[in-house]
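Below is one structure, written out as structure tokens, with a few remarks after it.
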Amino acid sequence: MAAFELICKVSGTEWITPTVFLLRFIPPQKLDFLPGQWASLVIPGAGKEGKDLRRAYSISSPPEQSEIELCIKLVPNGPGTQYLSKLKPGENLKVFAPYGAFVYKPKLDRRVVFLATGTGISPFRCMTKSELFKNNPPAEVLCLFGGREQEEVLFENDFAKQVHTKFVPCLTRASSGWNGFRGRITDYLRSEFKSDAWENTDFYLCGNGAMIDEAKLILAEKGIGRDSIHQEIYYKPKPGEQV
């Protein structure tokens, strides 16, 4: 599926956490893409010597929706997210889309496990809202969301509306009143995940590269084959960096 240059109209922004916002825009014609693909946004004049920058974001709205939604975490002093967060309704935005092979692949009578950190939940929201997913639903869905505090949990209500779906936030710095799982996604895989209960399962991993690398090692130890694991790395921490 070829990518196209699109001059889109911004329809608005919505802050869904203190540091994450939804950017909404309307392309000049309906964008044909597969659930899980991403868009490349042009940040005009923000690069060296006034050159344009490009920033990539997974599409979080389903293909059937004419208005495109992107879930974006504001980066302090980041030229891309600072520019995008200040866009006003009616302004133009240059977009190249769609890109990517990290897409939902329906398989009869198989389960699905989604593993996401932060805005890595975006493609999974797109997938589960799509007609492709609804018309070819997995036998069961487990969605693990990794974050620090309760206010960072994204799209929990969207997943709560899905049938045969369990949404589990895995938080490392939750408050004393938190009754959910405490720890990282990888901690959940080690302590709670029972591989014999998830045979015939496809695993989709998206977000922090360190989480993805560790999760793949754990899944391999549990006997999950490479053909059942699909990944999209957003960011890989440098050695010793705190995440």
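Each chain in the structure tokens gets a letter, A, B and so on, in the order shown; residues start at 1 in every chain, and ligands are counted from 1 in the order they appear.
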Which residues, written as number ranges by chain, have at least one atom at most 7 Å from Met127 (chain A), with only C-alpha atoms counted and residues fewer than 2 positions away on the same chain left out?
A: 35-36, 62, 104, 123-125, 129-130, 133
As a ChimeraX atom specification, please: all residues of region 42-222 of chain A that backbone DSSP puts in helix (DSSP H, G or I).
/A:48-50,79-85,118-129,131-135,150-152,156-160,185-191,195-197,209-221
Dump C-alpha atoms for the selected residues as a CSV table (one decimal), in the first residue's frame?
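Written file, again-v4.csv:
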```
chain,number,residue,atom,x,y,z
A,48,LYS,CA,19.0,22.3,11.1
A,49,GLU,CA,19.3,25.3,8.9
A,50,GLY,CA,15.6,25.7,8.8
A,79,PRO,CA,10.3,20.6,18.4
A,80,GLY,CA,7.9,18.0,16.9
A,81,THR,CA,5.5,17.5,19.8
A,82,GLN,CA,5.7,21.2,20.8
A,83,TYR,CA,4.6,22.3,17.3
A,84,LEU,CA,1.9,19.6,17.0
A,85,SER,CA,0.4,20.4,20.4
A,118,GLY,CA,2.7,4.4,26.8
A,119,THR,CA,1.4,5.6,23.5
A,120,GLY,CA,2.3,2.2,22.1
A,121,ILE,CA,-1.3,1.4,22.9
A,122,SER,CA,-2.3,3.5,19.8
A,123,PRO,CA,-2.2,0.8,17.1
A,124,PHE,CA,-4.1,-1.6,19.3
A,125,ARG,CA,-6.9,0.9,19.8
A,126,CYS,CA,-7.0,1.3,16.0
A,127,MET,CA,-7.1,-2.5,15.5
A,128,THR,CA,-9.8,-3.2,18.0
A,129,LYS,CA,-12.1,-0.4,16.7
A,131,GLU,CA,-14.3,-3.5,11.1
A,132,LEU,CA,-11.5,-6.0,10.2
A,133,PHE,CA,-11.2,-6.8,13.9
A,134,LYS,CA,-14.9,-6.8,14.7
A,135,ASN,CA,-15.6,-9.1,11.7
A,150,GLN,CA,-2.7,5.8,37.2
A,151,GLU,CA,-3.0,9.1,35.4
A,152,GLU,CA,-0.9,7.6,32.6
A,156,GLU,CA,-8.9,1.9,29.2
A,157,ASN,CA,-12.6,2.6,28.5
A,158,ASP,CA,-12.2,1.8,24.8
A,159,PHE,CA,-10.9,-1.7,25.6
A,160,ALA,CA,-13.5,-2.2,28.4
A,185,ILE,CA,4.6,-5.8,31.8
A,186,THR,CA,7.6,-8.2,32.0
A,187,ASP,CA,6.9,-8.8,35.7
A,188,TYR,CA,3.3,-9.7,34.8
A,189,LEU,CA,4.6,-12.2,32.1
A,190,ARG,CA,6.9,-13.8,34.6
A,191,SER,CA,4.5,-14.1,37.5
A,195,SER,CA,1.6,-20.1,28.7
A,196,ASP,CA,-0.5,-23.3,28.7
A,197,ALA,CA,-3.6,-21.2,29.0
A,209,GLY,CA,12.3,-1.3,22.8
A,210,ALA,CA,13.7,-2.5,26.1
A,211,MET,CA,10.3,-3.9,27.1
A,212,ILE,CA,10.0,-5.6,23.7
A,213,ASP,CA,13.4,-7.2,23.9
A,214,GLU,CA,12.8,-8.5,27.5
A,215,ALA,CA,9.2,-9.7,26.7
A,216,LYS,CA,10.5,-11.6,23.7
A,217,LEU,CA,13.0,-13.4,25.8
A,218,ILE,CA,10.4,-14.4,28.4
A,219,LEU,CA,8.0,-15.6,25.7
A,220,ALA,CA,10.7,-17.7,24.1
A,221,GLU,CA,11.4,-19.2,27.5
```
Long-range neighbours of Ile229 (chain A) as an MDAnalysis selection string, 8 Å cut-off, only C-alpha atoms, 6 positions minimum in chain
chainID A and resid 202:205 216
Write out, as a PDB file, in the first residue's frame, the residues just selected, with N, CA and C atoms.
```pdb
ATOM      1  N   ASP A 202      -1.447 -15.150  19.226  1.00  0.00           N
ATOM      2  CA  ASP A 202      -0.554 -14.206  18.565  1.00  0.00           C
ATOM      3  C   ASP A 202      -0.261 -13.056  19.518  1.00  0.00           C
ATOM      4  N   PHE A 203       1.004 -12.647  19.582  1.00  0.00           N
ATOM      5  CA  PHE A 203       1.458 -11.600  20.481  1.00  0.00           C
ATOM      6  C   PHE A 203       1.880 -10.381  19.662  1.00  0.00           C
ATOM      7  N   TYR A 204       1.312  -9.216  20.022  1.00  0.00           N
ATOM      8  CA  TYR A 204       1.654  -7.959  19.373  1.00  0.00           C
ATOM      9  C   TYR A 204       2.309  -7.056  20.421  1.00  0.00           C
ATOM     10  N   LEU A 205       3.554  -6.642  20.174  1.00  0.00           N
ATOM     11  CA  LEU A 205       4.322  -5.851  21.132  1.00  0.00           C
ATOM     12  C   LEU A 205       4.626  -4.486  20.524  1.00  0.00           C
ATOM     13  N   LYS A 216      10.204 -10.582  24.650  1.00  0.00           N
ATOM     14  CA  LYS A 216      10.477 -11.642  23.668  1.00  0.00           C
ATOM     15  C   LYS A 216      11.304 -12.769  24.279  1.00  0.00           C
TER      16      LYS A 216
END
```
Two-atom distance - CA of Arg24 (chain A), CA of Phe96 (chain A) (Å):
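Between these atoms lies a distance of 15.0 Å.
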